[in-house]
file entry.cif (mmCIF, C-alpha atoms and all ligand atoms)
data_upload
#
loop_
_atom_site.label_atom_id
_atom_site.label_comp_id
_atom_site.auth_asym_id
_atom_site.auth_seq_id
_atom_site.Cartn_x
_atom_site.Cartn_y
_atom_site.Cartn_z
CA MET X 261 -24.42 -4.21 2.69
CA GLN X 262 -23.50 -7.81 1.93
CA GLU X 263 -20.88 -9.82 3.81
CA ILE X 264 -17.41 -8.90 2.57
CA ILE X 265 -14.01 -10.59 2.26
CA ASP X 266 -10.81 -8.55 2.62
CA ALA X 267 -8.04 -10.32 0.69
CA HIS X 268 -5.14 -8.18 1.89
CA THR X 269 -4.36 -7.10 5.47
CA HIS X 270 -1.22 -6.83 7.61
CA LEU X 271 -0.55 -7.08 11.34
CA SER X 272 2.31 -7.86 13.71
CA GLU X 273 1.73 -6.07 17.06
CA ARG X 274 5.50 -5.43 17.11
CA GLY X 275 7.45 -2.24 17.73
CA ASP X 276 9.75 -2.85 14.75
CA ASP X 277 6.90 -3.19 12.24
CA GLY X 278 7.66 -1.07 9.17
CA LEU X 279 3.98 -0.14 8.81
CA ASN X 280 3.65 1.41 12.30
CA ARG X 281 4.35 4.86 10.85
CA LEU X 282 1.56 4.54 8.26
CA ALA X 283 -0.79 3.19 10.91
CA ARG X 284 -0.13 6.25 13.06
CA GLN X 285 -0.69 8.57 10.10
CA ASN X 286 -4.06 6.90 9.58
CA GLY X 287 -4.94 7.23 13.27
CA LEU X 288 -5.00 3.44 13.70
CA ARG X 289 -3.89 1.47 16.75
CA TYR X 290 -2.94 -1.40 14.40
CA THR X 291 -3.79 -4.21 16.82
CA LEU X 292 -5.61 -7.52 16.45
CA ASP X 293 -8.55 -6.21 18.49
CA GLU X 294 -8.86 -3.09 16.37
CA LEU X 295 -8.66 -5.07 13.12
CA LEU X 296 -11.34 -7.58 14.19
CA ASP X 297 -13.63 -4.86 15.59
CA THR X 298 -13.33 -2.83 12.40
CA MET X 299 -14.05 -5.91 10.29
CA ARG X 300 -17.21 -6.64 12.30
CA ARG X 301 -18.33 -3.04 11.99
CA HIS X 302 -18.07 -3.22 8.18
CA GLU X 303 -19.49 -6.75 7.90
CA ILE X 304 -16.17 -8.12 6.70
CA VAL X 305 -16.50 -11.78 7.59
CA ARG X 306 -12.97 -12.88 6.68
CA ALA X 307 -9.60 -11.41 5.83
CA LEU X 308 -6.32 -12.78 4.58
CA LEU X 309 -3.34 -11.80 6.72
CA LEU X 310 0.04 -11.11 5.11
CA SER X 311 3.42 -10.35 6.72
CA PRO X 312 4.14 -6.68 7.15
CA PRO X 313 7.70 -5.54 6.41
CA LEU X 314 9.90 -5.11 9.49
CA GLN X 315 12.17 -2.12 9.94
CA GLY X 316 15.22 -4.19 8.98
CA GLY X 317 13.65 -4.79 5.54
CA GLY X 318 12.64 -8.44 5.94
CA PRO X 319 9.06 -9.67 6.39
CA LEU X 320 7.48 -10.69 9.71
CA PRO X 321 8.18 -14.45 10.13
CA ASN X 322 5.31 -16.57 8.78
CA ASP X 323 4.79 -18.46 12.04
CA GLU X 324 3.88 -15.14 13.68
CA VAL X 325 1.28 -14.55 10.96
CA ILE X 326 -0.16 -18.01 11.61
CA ARG X 327 -0.18 -17.35 15.38
CA LEU X 328 -2.15 -14.11 14.94
CA CYS X 329 -4.64 -15.88 12.66
CA ARG X 330 -5.20 -18.57 15.31
CA LYS X 331 -6.10 -15.85 17.82
CA SER X 332 -8.71 -14.41 15.44
CA GLU X 333 -11.42 -17.08 15.89
CA GLY X 334 -11.52 -17.90 12.23
CA MET X 335 -11.73 -14.33 10.96
CA LEU X 336 -8.14 -14.18 9.65
CA ALA X 337 -6.46 -16.72 7.37
CA PRO X 338 -2.70 -16.75 6.71
CA VAL X 339 -0.84 -16.03 3.49
CA ILE X 340 2.75 -17.30 3.50
CA THR X 341 5.35 -14.76 2.36
CA VAL X 342 8.13 -16.38 0.34
CA GLU X 343 11.58 -14.81 0.09
CA PRO X 344 13.81 -15.70 -2.90
CA THR X 345 16.13 -18.37 -1.52
CA ALA X 346 15.93 -22.16 -1.89
CA LYS X 347 15.79 -22.45 1.91
CA GLU X 348 12.87 -20.01 2.25
CA VAL X 349 10.97 -21.66 -0.61
CA LYS X 350 11.36 -25.04 1.06
CA ALA X 351 10.27 -23.67 4.45
CA ALA X 352 7.22 -21.97 2.89
CA ILE X 353 6.06 -25.18 1.22
CA LYS X 354 6.56 -27.07 4.48
CA LEU X 355 4.45 -24.54 6.39
CA ALA X 356 1.71 -24.71 3.77
CA GLU X 357 1.77 -28.52 3.99
CA GLU X 358 1.55 -28.49 7.78
CA ASP X 359 -1.26 -25.94 7.85
CA ARG X 360 -3.06 -27.14 4.77
CA LYS X 361 -6.50 -26.17 5.99
CA GLU X 362 -5.48 -22.69 7.10
CA VAL X 363 -3.02 -21.37 4.49
CA LYS X 364 -4.85 -19.67 1.61
CA ALA X 365 -2.05 -18.32 -0.62
CA PHE X 366 1.61 -17.37 -1.01
CA LYS X 367 3.02 -13.88 -1.40
CA VAL X 368 6.13 -12.73 -3.27
CA ARG X 369 7.42 -9.24 -2.52
CA LEU X 370 8.37 -8.01 -5.99
CA GLY X 371 10.16 -4.67 -5.84
CA TYR X 372 11.35 -5.31 -2.28
CA VAL X 373 13.48 -8.39 -3.01
CA LYS X 374 16.30 -8.39 -5.54
CA THR X 375 14.65 -11.06 -7.68
CA GLY X 376 12.07 -11.08 -10.44
CA ALA X 377 8.96 -13.27 -10.63
CA GLU X 378 10.49 -15.58 -13.23
CA SER X 379 13.61 -16.42 -11.20
CA PRO X 380 14.18 -20.21 -11.12
CA VAL X 381 14.42 -19.97 -7.32
CA PHE X 382 10.59 -19.88 -7.28
CA ASP X 383 10.10 -22.91 -9.57
CA ARG X 384 9.38 -25.32 -6.71
CA LEU X 385 7.01 -22.84 -5.13
CA TYR X 386 5.05 -22.42 -8.35
CA ASP X 387 4.97 -26.19 -8.92
CA TYR X 388 3.53 -26.68 -5.46
CA ALA X 389 1.09 -23.75 -5.74
CA GLU X 390 -0.19 -25.14 -9.06
CA SER X 391 -0.63 -28.63 -7.69
CA GLU X 392 -2.59 -27.37 -4.67
CA ALA X 393 -4.44 -24.59 -6.55
CA LEU X 394 -3.02 -22.08 -4.05
CA PRO X 395 -2.84 -18.56 -5.50
CA VAL X 396 0.43 -16.62 -5.49
CA MET X 397 0.03 -12.94 -4.68
CA PHE X 398 2.66 -10.60 -6.10
CA HIS X 399 3.35 -7.12 -4.89
CA THR X 400 3.08 -4.95 -8.02
CA GLY X 401 3.65 -1.27 -8.69
CA ASP X 402 4.62 1.44 -6.24
CA THR X 403 6.70 0.38 -3.23
CA ALA X 404 6.20 1.63 0.33
CA PHE X 405 9.87 2.69 0.54
CA SER X 406 11.81 4.89 -1.88
CA THR X 407 14.43 2.14 -2.29
CA GLY X 408 12.00 -0.30 -3.96
CA GLU X 409 12.79 -1.51 -7.49
CA LEU X 410 9.98 -0.65 -9.87
CA ALA X 411 11.51 -2.51 -12.81
CA ARG X 412 10.89 -5.71 -10.82
CA SER X 413 7.48 -4.77 -9.44
CA HIS X 414 6.02 -3.55 -12.74
CA PRO X 415 2.90 -5.64 -13.49
CA LEU X 416 4.06 -6.48 -17.02
CA THR X 417 6.87 -8.57 -15.52
CA LEU X 418 4.13 -11.12 -14.70
CA ASP X 419 3.06 -11.59 -18.32
CA GLY X 420 5.92 -14.00 -19.05
CA LEU X 421 5.19 -16.06 -15.94
CA ALA X 422 1.46 -16.22 -16.76
CA ASN X 423 2.34 -17.41 -20.29
CA LYS X 424 4.62 -20.13 -19.01
CA ARG X 425 2.35 -21.28 -16.20
CA GLU X 426 -1.25 -21.21 -17.26
CA GLU X 427 -2.29 -23.28 -14.23
CA LEU X 428 -0.75 -20.90 -11.70
CA ILE X 429 -3.27 -18.54 -10.07
CA ILE X 430 -1.55 -15.15 -10.10
CA ILE X 431 -2.83 -12.18 -8.10
CA LEU X 432 -1.42 -8.73 -8.80
CA CYS X 433 -1.60 -6.74 -5.56
CA HIS X 434 -2.46 -3.01 -5.60
CA PHE X 435 -3.69 -3.23 -9.20
CA GLY X 436 -0.12 -2.49 -10.36
CA ASN X 437 -0.48 1.09 -9.08
CA PRO X 438 -0.09 3.32 -11.12
CA TRP X 439 -0.03 0.98 -14.15
CA PHE X 440 -3.79 0.30 -14.08
CA GLU X 441 -4.09 -0.11 -17.85
CA ASP X 442 -1.35 -2.72 -17.95
CA VAL X 443 -3.19 -4.66 -15.27
CA ALA X 444 -6.46 -4.30 -17.20
CA GLU X 445 -4.73 -5.98 -20.15
CA LEU X 446 -3.21 -8.73 -17.98
CA ILE X 447 -6.49 -9.70 -16.32
CA TYR X 448 -8.24 -9.55 -19.69
CA LYS X 449 -5.59 -11.59 -21.49
CA HIS X 450 -4.83 -14.31 -18.95
CA PRO X 451 -7.56 -16.55 -17.51
CA ASN X 452 -5.27 -17.20 -14.50
CA VAL X 453 -4.47 -13.58 -13.56
CA TYR X 454 -6.42 -11.49 -11.00
CA ALA X 455 -5.81 -8.14 -9.30
CA ASP X 456 -6.59 -6.72 -5.86
CA ILE X 457 -7.46 -3.07 -5.17
CA SER X 458 -5.67 -2.87 -1.82
CA GLY X 459 -3.47 -0.03 -0.59
CA LEU X 460 -4.38 2.50 -3.27
CA ILE X 461 -5.76 5.36 -1.18
CA ILE X 462 -3.49 8.21 -0.16
CA GLY X 463 -4.26 11.28 1.90
CA GLY X 464 -2.80 14.75 1.66
CA ALA X 465 -3.45 17.47 -0.89
CA TYR X 466 -5.89 16.51 -3.68
CA ALA X 467 -7.04 13.43 -1.71
CA GLU X 468 -10.60 13.92 -2.94
CA LYS X 469 -9.57 14.48 -6.58
CA TYR X 470 -7.29 11.47 -6.38
CA ALA X 471 -10.08 9.27 -5.01
CA GLU X 472 -12.25 10.32 -7.96
CA TRP X 473 -9.46 9.69 -10.46
CA LEU X 474 -8.71 6.30 -8.93
CA ALA X 475 -12.35 5.17 -9.09
CA LYS X 476 -12.40 6.20 -12.76
CA LYS X 477 -9.20 4.26 -13.52
CA ILE X 478 -10.44 1.07 -11.84
CA SER X 479 -13.87 1.40 -13.48
CA GLU X 480 -12.21 1.76 -16.89
CA ALA X 481 -10.06 -1.30 -16.25
CA ILE X 482 -13.28 -3.21 -15.51
CA TYR X 483 -14.83 -2.02 -18.80
CA PHE X 484 -11.70 -3.10 -20.65
CA ALA X 485 -11.73 -6.53 -19.00
CA ALA X 486 -15.47 -6.81 -19.79
CA GLY X 487 -16.51 -7.27 -16.17
CA ALA X 488 -15.19 -7.42 -12.60
CA GLN X 489 -14.75 -11.18 -12.28
CA LYS X 490 -10.98 -10.74 -11.87
CA VAL X 491 -11.01 -7.86 -9.37
CA ILE X 492 -10.65 -8.55 -5.64
CA PHE X 493 -11.33 -6.32 -2.62
CA GLY X 494 -8.51 -5.72 -0.15
CA THR X 495 -7.67 -2.90 2.25
CA ASP X 496 -3.94 -3.36 2.90
CA TYR X 497 -4.76 -2.38 6.53
CA PRO X 498 -3.09 -0.36 8.07
CA VAL X 499 -1.94 1.26 4.80
CA THR X 500 -5.52 2.31 4.09
CA LYS X 501 -8.54 2.47 6.36
CA HIS X 502 -11.39 0.04 5.72
CA SER X 503 -13.86 2.88 5.16
CA GLU X 504 -11.65 4.35 2.42
CA THR X 505 -11.33 1.20 0.35
CA LEU X 506 -15.04 0.47 0.78
CA ASN X 507 -15.74 3.98 -0.48
CA LEU X 508 -13.58 3.26 -3.51
CA VAL X 509 -15.82 0.29 -4.36
CA ARG X 510 -18.95 2.40 -3.82
CA ARG X 511 -17.59 5.04 -6.19
CA LEU X 512 -16.96 2.56 -9.03
CA ASP X 513 -19.22 3.22 -11.99
CA VAL X 514 -20.10 -0.45 -12.49
CA ASP X 515 -23.14 -2.68 -11.90
CA GLU X 516 -24.09 -3.71 -8.36
CA SER X 517 -23.50 -7.33 -9.34
CA ASP X 518 -19.89 -6.45 -10.23
CA LYS X 519 -19.44 -4.74 -6.86
CA GLU X 520 -20.67 -7.91 -5.17
CA LYS X 521 -18.12 -9.94 -7.10
CA ILE X 522 -15.35 -7.56 -6.03
CA LEU X 523 -16.40 -7.50 -2.37
CA ARG X 524 -16.92 -11.20 -1.89
CA HIS X 525 -17.54 -13.70 -4.66
CA ASN X 526 -14.21 -13.43 -6.50
CA ALA X 527 -12.16 -13.93 -3.33
CA GLU X 528 -14.39 -16.79 -2.24
CA ARG X 529 -13.81 -18.57 -5.53
CA VAL X 530 -10.10 -17.81 -6.02
CA PHE X 531 -8.95 -18.50 -2.44
CA ARG X 532 -11.56 -21.23 -1.88
CA LEU X 533 -12.88 -19.62 1.32
ZN ZN X 601 0.24 -5.12 1.52
#
call {"tool": "encode", "arguments": {"input": "entry.cif", "output": "structure tokens", "more": "lines below"}}
Ligand SMILES: [Zn+2]
result
Amino acid sequence: MQEIIDAHTHLSERGDDGLNRLARQNGLRYTLDELLDTMRRHEIVRALLLSPPLQGGGPLPNDEVIRLCRKSEGMLAPVITVEPTAKEVKAAIKLAEEDRKEVKAFKVRLGYVKTGAESPVFDRLYDYAESEALPVMFHTGDTAFSTGELARSHPLTLDGLANKREELIIILCHFGNPWFEDVAELIYKHPNVYADISGLIIGGAYAEKYAEWLAKKISEAIYFAAGAQKVIFGTDYPVTKHSETLNLVRRLDVDESDKEKILRHNAERVFRL
């Protein structure tokens, strides 16, 4: 298999990490060593690291994400999570400025924060992201907690933003799960909109049927968008295991060249890795 890029992982090594429960369910230790070992085993040469949610509801502070990336010997690169206040937006831009070479993108937690993507609070962030060609990743679709707000995380809420800001590189995380068709339309319609396939695998009853159904849905989205040039591989570790998301790509009924785009080339181009 070719060398792979994972555009969506989480880590904190903290007891109050909101993803510890999911990590345990997946039989993962959820540590830096485990993540790097697993990456090497699957020939994943680089991964983007995003804040996990903490038990209090907020994200892990960005400087801790940067610290973990620095311990990874170049295998992990930070994504700065931006909460919807003027102060947080300013701090995020400052961090990105200071760590210009390292920071690869921003992340907005739609559905978890009480703000939509088009809120003016993000204007400065989008201006900066456009000027530096730094992608903004948006959580879309299903939320990890039952209190999430789907009306704000629905992928179609990004259509207006993509219309207004044609220079902004927008990445829809989790392919808008379960609104795959809406995401197919968005990546087809907008030259500046992409989607990652992270965090889509679930276990439990019908796991095998679901995996089949999911591969069909993503394949169909690729047919609709006339190719996989907008689809990006990500695991959402520890939400899904690496092997599971790699199996999803293997199951896609698309050309090998499209699989290569998904596993590496799209991320390389979009995040300038
Ligand atoms: Zn995630």
call {"tool": "residues_around", "arguments": {"input": "entry.cif", "residues": "Tyr372 in chain X", "least_positions_apart": "4", "cutoff": "8 Å", "atoms": "all atoms listed in the file", "output": "PDB file with C-alpha atoms, in the frame of the given file"}}
result
ATOM      1  CA  THR X 403       6.700   0.380  -3.230  1.00  0.00           C
ATOM      2  CA  GLY X 408      12.000  -0.300  -3.960  1.00  0.00           C
ATOM      3  CA  GLU X 409      12.790  -1.510  -7.490  1.00  0.00           C
TER       4      GLU X 409
END
call {"tool": "residues_near_ligand", "arguments": {"input": "entry.cif", "ligand": "ligand ZN 601 (chain X)", "cutoff": "12 Å", "atoms": "all atoms listed in the file", "output": "MDAnalysis selection string"}}
result
chainID X and resid 266:271 278:279 282 308:313 319 339 341 367:370 372 397:404 432:435 456:460 494:500
call {"tool": "closest_atom_pairs", "arguments": {"input": "entry.cif", "of": "range 371-464 of chain X", "to": "range 358-365 of chain X", "cutoff": "9 Å", "atoms": "only C-alpha atoms", "output": "CSV"}}
result
residue,atom,partner,partner_atom,distance
X:Ala389,CA,X:Ala365,CA,8.1
X:Ala393,CA,X:Ala365,CA,9.0
X:Leu394,CA,X:Ala365,CA,5.2
X:Pro395,CA,X:Ala365,CA,4.9
X:Val396,CA,X:Ala365,CA,5.7
X:Met397,CA,X:Ala365,CA,7.1
call {"tool": "closest_residue", "arguments": {"input": "entry.cif", "among": "X:Ser272, X:Ser503, X:Ser391, X:Asn526", "to": "Tyr454 in chain X", "atoms": "all atoms listed in the file"}}
result
X:Asn526
call {"tool": "residues_near_point", "arguments": {"input": "entry.cif", "point": "(-22.0, -7.2, -7.8)", "cutoff": "12 Å", "atoms": "all atoms listed in the file", "output": "list in words"}}
result
Met261, Gln262, Glu263, Ile264, Gly487, Ala488, Gln489, Val491, Ile492, Phe493, Val509, Arg510, Leu512, Asp513, Val514, Asp515, Glu516, Ser517, Asp518, Lys519, Glu520, Lys521, Ile522, Leu523, Arg524, His525 and Asn526 of chain X
call {"tool": "residues_around", "arguments": {"input": "entry.cif", "residues": "range 461-478 of chain X", "least_positions_apart": "3", "cutoff": "7 Å", "atoms": "only C-alpha atoms", "output": "PyMOL selection string"}}
result
chain X and resi 440+481-482+500+504+508+511-512
call {"tool": "atom_distance", "arguments": {"input": "entry.cif", "atom1": "CA of Asn423 in chain X", "atom2": "CA of Arg384 in chain X"}}
result
17.2 Å
call {"tool": "atom_distance", "arguments": {"input": "entry.cif", "atom1": "CA of Asp323 in chain X", "atom2": "CA of Asp277 in chain X"}}
result
15.4 Å
call {"tool": "atom_distance", "arguments": {"input": "entry.cif", "atom1": "CA of Arg412 in chain X", "atom2": "CA of Leu314 in chain X"}}
result
20.3 Å
call {"tool": "closest_residue", "arguments": {"input": "entry.cif", "among": "X:Ile447, X:Leu292, X:Val305, X:Lys350", "to": "Arg327 in chain X", "atoms": "only C-alpha atoms"}}
result
X:Leu292
call {"tool": "closest_residue", "arguments": {"input": "entry.cif", "among": "X:Val530, X:Leu421, X:Val342, X:Ile304", "to": "Leu320 in chain X", "atoms": "only C-alpha atoms"}}
result
X:Val342
